[in-house]
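Undergrad: For reference, the structure I am asking about is given below.
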Amino acid sequence: MATLQVMTNTGVGKSLEEATVQAFQTNLRGPLLQPGDVGYDDARVVWNGMIDRKPALIVRCVGVADVIQAINFARDHQLLVSVRGGGHNITGYAVNDGGIVIDLSRMKGIRVDTAKRTARAEAGLTWGEYYHEVQAFGLASTGGVVSTTGISGLSLGGGLGWLMGKHGLSCDCLLSADMVTADGRLVTASASENPDLFWGLRGGGGNFGVVTSFEFQLYPVGPTVLGGMVVYPMSQAKEVLRFYREYARTCPDELTAWASLMISPEGEPVAAILINYMGDLAEGERLAEPVRKFGSPLADTIGPMTYCELNSMLDDAFPYGTVQRYWKSSFLKELGDEVIDILVEGASNMLSPMSLVGFFHVHGAAARTGADETAFGLQEDQWDYDIISQWTDPAETDMHIQWTRDFFNRVQPYTNGVYVNHLDAEEAERIGEAYGKHYERLLALKNKYDPTNLFRLNQNIKPTV
Ligand SMILES: Cc1cc2nc3c(=O)[nH]c(=O)nc-3n(C[C@H](O)[C@H](O)[C@H](O)COP(=O)(O)OP(=O)(O)OC[C@H]3O[C@@H](n4cnc5c(N)ncnc54)[C@H](O)[C@@H]3O)c2cc1C
């Protein structure tokens, strides 16, 4: 009798009878892919091109019933489980070798309630798709700044985005979520239903179950916002970052300023200040003036744009799937002179024209959410900084990884914790740092909702029961 080789969640191989797999398939509405099937190779591609994993089964769920079936099957057969939203996570945990992938990327339903200003969004939407639907009504919530990123992984880990100064992180915009638990039950988490789980889903990542849909609060963003970047030569980068630090500190909630050290499309090393103003365009122009007038810019792209355009203006720098990636990240409480010098010197020696260093300023509403209100542990005025190495030749991998690590180690003494969504797979010792003082409370939730650690391919909280 034909069998399928699979990997269990304890790392042991075993075989499943073909009839067992066929019976599972019969109970699904979406396709079940195995190696060799049409579409299998496309379905295992994730954003980080360094990841090349071959799951035994990929369930392309099209609804909640498929998710329940997939979880029950995985649990009953002790399979290694991945959960895939947008597939953007640097770790590549959205896919695995030999296990099962619960692939939500076909679940793209969304309903906007314009009266209540809410959106009920299925877990497979990307931010670009989500913004397209909500922008049609002049509304939006905080989300990712690259349009191909998934709404799921990003919101469950926190969610830094252009609107965070005014309306908080993505997880602060969350009103409720539907989730299938490890024992196959559909539960709703909100302020009034399972509030403990609702707290944990806002920062605790994918540890507790599979979220099938999110309900977000929406806010007016109008037909256009002010956005864009001012670009300076790398030779001015130290002065630019010193100016940027002071400028960012004075930004009202409506104004967000980020920075980047990178290589321009013309091949020139540059420093950029990126801004967005959510409000009256003339007031935005006035507030942007100091950035435009500083130093001797090479380029200035600031102007009116739609919220969708704002959140896709960085897309070209992060193509999906085809590029090798390695990154390191931390929070910086201060952008002091010493650390600026280290960052600029490091970025001036980048090994690839695709690599960059980015700075997200967490401020305003995102920094005011009460420390215990959500599981996101590090809600304060600070910068999330990321060294993002990207290259195309796999033979260069060791060189880029070593460069990134050395650079990161020089910056690390100046840092203050890490954003869970920016942790790499090799950073298990930093998981406690990312969840911070909420770790014990998250552990109690993990023990309650996933005591056997069915959902372990994530920044994992190991159950203790
Ligand atoms: C180019 C790029 C741009 C980014 N921009 C931002 C940004 O602007 N702001 C920001 O905060 N972060 C950003 N990130 C980081 C991003 O938040 C994480 O990579 C996030 O995990 C991506 O979510 P995803 O659904 O696309 O990823 P996936 O790889 O599909 O999922 C990541 C993990 O989340 C869990 N998960 C996913 N879906 C579900 C679900 N429905 N239920 C339960 N668990 C689930 C699983 O554990 C999974 O392994 C960016 C990343 C990249 C690569």
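For the structure tokens, the naming scheme is as follows: chains receive sequential letters (A, B, ...) according to their order of presentation, residues are indexed from 1 within each chain, and ligands are indexed from 1 in presentation order.
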Apply DSSP to the backbone of this structure and, from segment 133-346 of chain A, keep only the residues in strand (DSSP E or B); write these as a ChimeraX atom specification.
TA: /A:139-140,150,174-180,186-190,210-217,219-220,225-233,255-263,269-277,299-300,303-305,324-332
Undergrad: Output C-alpha atoms for every residue in that selection, as a compact mmCIF listing (two decimals), in the first residue's frame.
TA:
```txt
# COMPACT_ATOMS: atom_id res chain seq x y z
CA LEU A 139 -10.58 54.45 5.79
CA ALA A 140 -7.60 52.45 7.08
CA GLY A 150 0.44 39.36 5.46
CA LEU A 174 -7.79 44.95 16.68
CA LEU A 175 -11.34 44.63 18.02
CA SER A 176 -11.76 40.86 17.84
CA ALA A 177 -10.40 37.73 16.21
CA ASP A 178 -11.82 34.31 15.36
CA MET A 179 -9.34 31.55 16.15
CA VAL A 180 -9.29 27.75 15.87
CA LEU A 186 -13.56 27.93 16.92
CA VAL A 187 -13.41 30.67 19.56
CA THR A 188 -13.80 34.42 19.40
CA ALA A 189 -11.44 36.67 21.30
CA SER A 190 -12.46 40.23 22.12
CA VAL A 210 -4.87 29.67 14.00
CA VAL A 211 -6.65 33.00 13.59
CA THR A 212 -9.10 32.78 10.70
CA SER A 213 -10.28 36.41 10.65
CA PHE A 214 -9.57 39.74 12.30
CA GLU A 215 -11.92 42.62 13.05
CA PHE A 216 -10.12 45.97 12.95
CA GLN A 217 -11.21 49.46 13.91
CA TYR A 219 -10.02 55.48 10.87
CA PRO A 220 -10.44 58.17 8.20
CA VAL A 225 -2.07 61.69 2.60
CA LEU A 226 1.32 63.37 2.45
CA GLY A 227 4.25 60.97 2.09
CA GLY A 228 7.60 60.33 0.50
CA MET A 229 11.28 60.69 1.26
CA VAL A 230 14.15 63.15 1.12
CA VAL A 231 17.44 61.56 0.11
CA TYR A 232 20.94 62.79 1.03
CA PRO A 233 24.42 61.49 0.13
CA LEU A 255 3.42 63.01 11.56
CA THR A 256 5.69 59.98 11.40
CA ALA A 257 9.35 60.14 10.40
CA TRP A 258 11.52 57.11 9.68
CA ALA A 259 15.03 56.85 8.28
CA SER A 260 17.09 54.53 6.16
CA LEU A 261 20.72 54.02 5.15
CA MET A 262 20.81 52.29 1.78
CA ILE A 263 22.05 52.28 -1.82
CA PRO A 269 25.11 55.12 -0.93
CA VAL A 270 22.49 57.41 0.63
CA ALA A 271 20.68 58.35 3.83
CA ALA A 272 16.94 59.00 3.60
CA ILE A 273 14.30 60.50 5.87
CA LEU A 274 10.85 59.09 5.10
CA ILE A 275 7.79 60.95 6.28
CA ASN A 276 4.04 60.65 6.35
CA TYR A 277 1.49 63.18 7.54
CA ALA A 299 16.11 63.88 -4.22
CA ASP A 300 12.76 64.81 -2.69
CA GLY A 303 3.91 64.83 -2.11
CA PRO A 304 0.24 63.82 -1.91
CA MET A 305 -0.45 60.14 -2.47
CA GLN A 324 18.47 35.61 -0.07
CA ARG A 325 17.89 37.38 3.24
CA TYR A 326 19.33 37.64 6.71
CA TRP A 327 18.50 40.31 9.24
CA LYS A 328 19.06 41.45 12.79
CA SER A 329 17.05 43.93 14.77
CA SER A 330 16.61 45.59 18.17
CA PHE A 331 14.94 48.59 19.76
CA LEU A 332 17.02 51.69 20.39
```
Undergrad: Excluding Gly222 of chain A and any residue of its chain fewer than 4 positions from it, enumerate the residues within 9 Å of it, using only C-alpha atoms, and give them as a list in words.
TA: Gln135, Phe137, Gly138, Leu139, Met278, Gly279, Thr306 and Tyr307 of chain A
Undergrad: From the options A:Glu440, A:Asp103, A:Glu254, A:Asp337, which residue's atoms come nearest to ligand 1, counting only C-alpha atoms and all ligand atoms?
TA: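 Counting only C-alpha atoms and all ligand atoms, the residue closest to ligand 1 is A:Asp103.
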Undergrad: So, counting only C-alpha atoms, which residue among A:Val59, A:Leu314, A:Leu125, A:Ile387 is closest to His422 of chain A?
TA: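 Among the listed residues, A:Ile387 lies closest to His422 of chain A.
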Undergrad: Pick out the closest residue to ligand 1 from this set: A:Asn349, A:Ser152, A:Thr369, A:Thr322. Count only C-alpha atoms and all ligand atoms.
TA: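 Under the stated criterion, the closest residue is A:Ser152.
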Undergrad: Determine, counting only C-alpha atoms, which protein, DNA and RNA residues have an atom within 12 Å of an atom of segment 392-397 of chain A; residues of the same chain fewer than 3 positions away are not included. Present the result as a list of chain:residue names.
TA: A:Asn48, A:Gly49, A:Met50, A:Ile51, A:Asp52, A:Pro319, A:Gly321, A:Thr322, A:Val323, A:Gln324, A:Arg325, A:Tyr326, A:Leu351, A:Ser352, A:Pro353, A:Met354, A:Ser355, A:Ser389, A:His400, A:Ile401, A:Gln402, A:Trp403, A:Thr404
Undergrad: Find the spatial neighbours of segment 371-384 of chain A, counting only C-alpha atoms, within a cut-off of 7 Å - ignore same-chain residues fewer than 4 positions away - and output them as JSON, numbers by chain.
TA: {"A": [158, 199, 200, 202, 203, 204, 330, 331, 332, 333, 334, 359, 360, 361, 362, 363, 366, 367, 434, 435, 436, 437, 438]}
Undergrad: Next, write the just-selected residues to a file, as a short mmCIF file (atom, residue, chain, number, x, y, z; two decimals), in the first residue's frame, keeping N, CA and C atoms as the atom set.
TA:
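Result file follows (selection.cif):
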```cif
data_model
loop_
_atom_site.label_atom_id
_atom_site.label_comp_id
_atom_site.auth_asym_id
_atom_site.auth_seq_id
_atom_site.Cartn_x
_atom_site.Cartn_y
_atom_site.Cartn_z
N GLY A 158 2.32 42.44 16.73
CA GLY A 158 2.30 43.85 17.14
C GLY A 158 1.84 44.73 15.99
N TRP A 199 -6.08 39.49 24.88
CA TRP A 199 -4.86 40.17 25.34
C TRP A 199 -3.63 39.51 24.69
N GLY A 200 -3.59 38.17 24.73
CA GLY A 200 -2.41 37.45 24.24
C GLY A 200 -2.22 37.52 22.74
N ARG A 202 -2.64 40.00 20.96
CA ARG A 202 -2.11 41.31 20.57
C ARG A 202 -0.65 41.44 21.01
N GLY A 203 0.21 40.63 20.35
CA GLY A 203 1.64 40.69 20.65
C GLY A 203 2.26 39.32 20.89
N GLY A 204 1.42 38.31 21.18
CA GLY A 204 1.95 36.99 21.52
C GLY A 204 2.21 36.10 20.31
N SER A 330 16.83 45.30 16.74
CA SER A 330 16.61 45.59 18.17
C SER A 330 15.88 46.91 18.27
N PHE A 331 15.44 47.24 19.48
CA PHE A 331 14.94 48.59 19.76
C PHE A 331 16.08 49.44 20.27
N LEU A 332 16.06 50.70 19.88
CA LEU A 332 17.02 51.69 20.39
C LEU A 332 16.23 52.75 21.13
N LYS A 333 16.49 52.89 22.42
CA LYS A 333 15.75 53.89 23.20
C LYS A 333 16.21 55.29 22.78
N GLU A 334 17.47 55.43 22.51
CA GLU A 334 18.04 56.72 22.09
C GLU A 334 18.84 56.52 20.81
N PHE A 359 15.03 52.46 10.19
CA PHE A 359 14.66 52.95 11.54
C PHE A 359 13.17 53.27 11.54
N PHE A 360 12.39 52.53 12.34
CA PHE A 360 10.96 52.85 12.52
C PHE A 360 10.83 53.59 13.85
N HIS A 361 10.32 54.81 13.83
CA HIS A 361 10.11 55.52 15.10
C HIS A 361 8.74 55.13 15.67
N VAL A 362 8.76 54.53 16.87
CA VAL A 362 7.51 54.18 17.57
C VAL A 362 7.18 55.37 18.47
N HIS A 363 6.07 56.03 18.23
CA HIS A 363 5.78 57.24 18.99
C HIS A 363 4.27 57.45 19.11
N ALA A 366 1.11 54.85 19.70
CA ALA A 366 1.75 53.53 19.82
C ALA A 366 2.57 53.43 21.11
N ALA A 367 3.04 54.58 21.59
CA ALA A 367 3.86 54.57 22.81
C ALA A 367 3.01 54.82 24.06
N ALA A 434 11.90 39.56 23.93
CA ALA A 434 10.85 40.11 23.08
C ALA A 434 9.50 40.17 23.81
N TYR A 435 9.17 39.11 24.55
CA TYR A 435 7.88 39.13 25.26
C TYR A 435 7.99 39.90 26.59
N GLY A 436 9.22 40.12 27.02
CA GLY A 436 9.47 40.97 28.18
C GLY A 436 8.75 40.48 29.42
N LYS A 437 8.23 41.45 30.17
CA LYS A 437 7.62 41.11 31.47
C LYS A 437 6.31 40.35 31.31
N HIS A 438 5.81 40.23 30.06
CA HIS A 438 4.55 39.50 29.85
C HIS A 438 4.76 38.00 29.66
#
```
Undergrad: For the alpha helix (DSSP H) assignment from backbone DSSP, which residues of segment 306-367 of chain A qualify? Please present them as a list in words.
TA: Tyr307, Cys308, Glu309, Leu310, Asp337, Glu338, Val339, Ile340, Asp341, Ile342, Leu343, Val344, Glu345, Gly346, Ala347, Ala365, Ala366 and Ala367 of chain A
Undergrad: Take the selection from the previous step and output its residues with C-alpha atoms, as a PDB file, in the first residue's frame.
TA:
```pdb
ATOM      1  CA  TYR A 307      -2.691  55.471   1.518  1.00  0.00           C
ATOM      2  CA  CYS A 308      -2.215  52.466  -0.826  1.00  0.00           C
ATOM      3  CA  GLU A 309       0.633  54.263  -2.627  1.00  0.00           C
ATOM      4  CA  LEU A 310       2.239  55.219   0.662  1.00  0.00           C
ATOM      5  CA  ASP A 337      25.896  60.277  18.753  1.00  0.00           C
ATOM      6  CA  GLU A 338      28.043  57.199  19.402  1.00  0.00           C
ATOM      7  CA  VAL A 339      25.527  54.699  18.061  1.00  0.00           C
ATOM      8  CA  ILE A 340      24.802  56.915  15.043  1.00  0.00           C
ATOM      9  CA  ASP A 341      28.518  56.853  14.203  1.00  0.00           C
ATOM     10  CA  ILE A 342      28.592  53.042  14.470  1.00  0.00           C
ATOM     11  CA  LEU A 343      25.462  52.691  12.327  1.00  0.00           C
ATOM     12  CA  VAL A 344      26.723  55.011   9.605  1.00  0.00           C
ATOM     13  CA  GLU A 345      30.148  53.396   9.515  1.00  0.00           C
ATOM     14  CA  GLY A 346      28.543  49.942   9.247  1.00  0.00           C
ATOM     15  CA  ALA A 347      26.100  51.019   6.533  1.00  0.00           C
ATOM     16  CA  ALA A 365      -0.472  56.591  20.363  1.00  0.00           C
ATOM     17  CA  ALA A 366       1.754  53.525  19.824  1.00  0.00           C
ATOM     18  CA  ALA A 367       3.861  54.574  22.807  1.00  0.00           C
TER      19      ALA A 367
END
```
Undergrad: So which one's closest to ligand 1, A:Val291, A:Val67, A:Met7, A:Ala444? Using only C-alpha atoms and all ligand atoms, please.
TA: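 Among A:Val291, A:Val67, A:Met7, A:Ala444, it is A:Val67 that comes nearest to ligand 1.
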Undergrad: Under the rule that only C-alpha atoms are counted, which of A:Val418, A:Ile102, A:Leu16, A:Leu335 is the nearest residue to Glu246 of chain A?
TA: A:Leu335
Undergrad: Considering only C-alpha atoms, state which residue in the set A:Thr10, A:Ser15, A:Gln69, A:Ser155 is at the smallest distance from Thr126 of chain A.
TA: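 Once distances to Thr126 of chain A are computed over only C-alpha atoms, the minimum belongs to A:Ser155.
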Undergrad: Considering only C-alpha atoms, return as a list in words whatever protein or nucleic-acid residues lie within 7 Å of Leu163 of chain A, sequence-local ones (same chain, fewer than 5 positions apart) excluded.
TA: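 That gives Ser141, Thr142 and Gly168 of chain A.
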Undergrad: Find the distance between atom CA of Val12 of chain A and atom CA of Arg456 of chain A and write it in Å to one decimal.
TA: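 It comes out at 15.1 Å.
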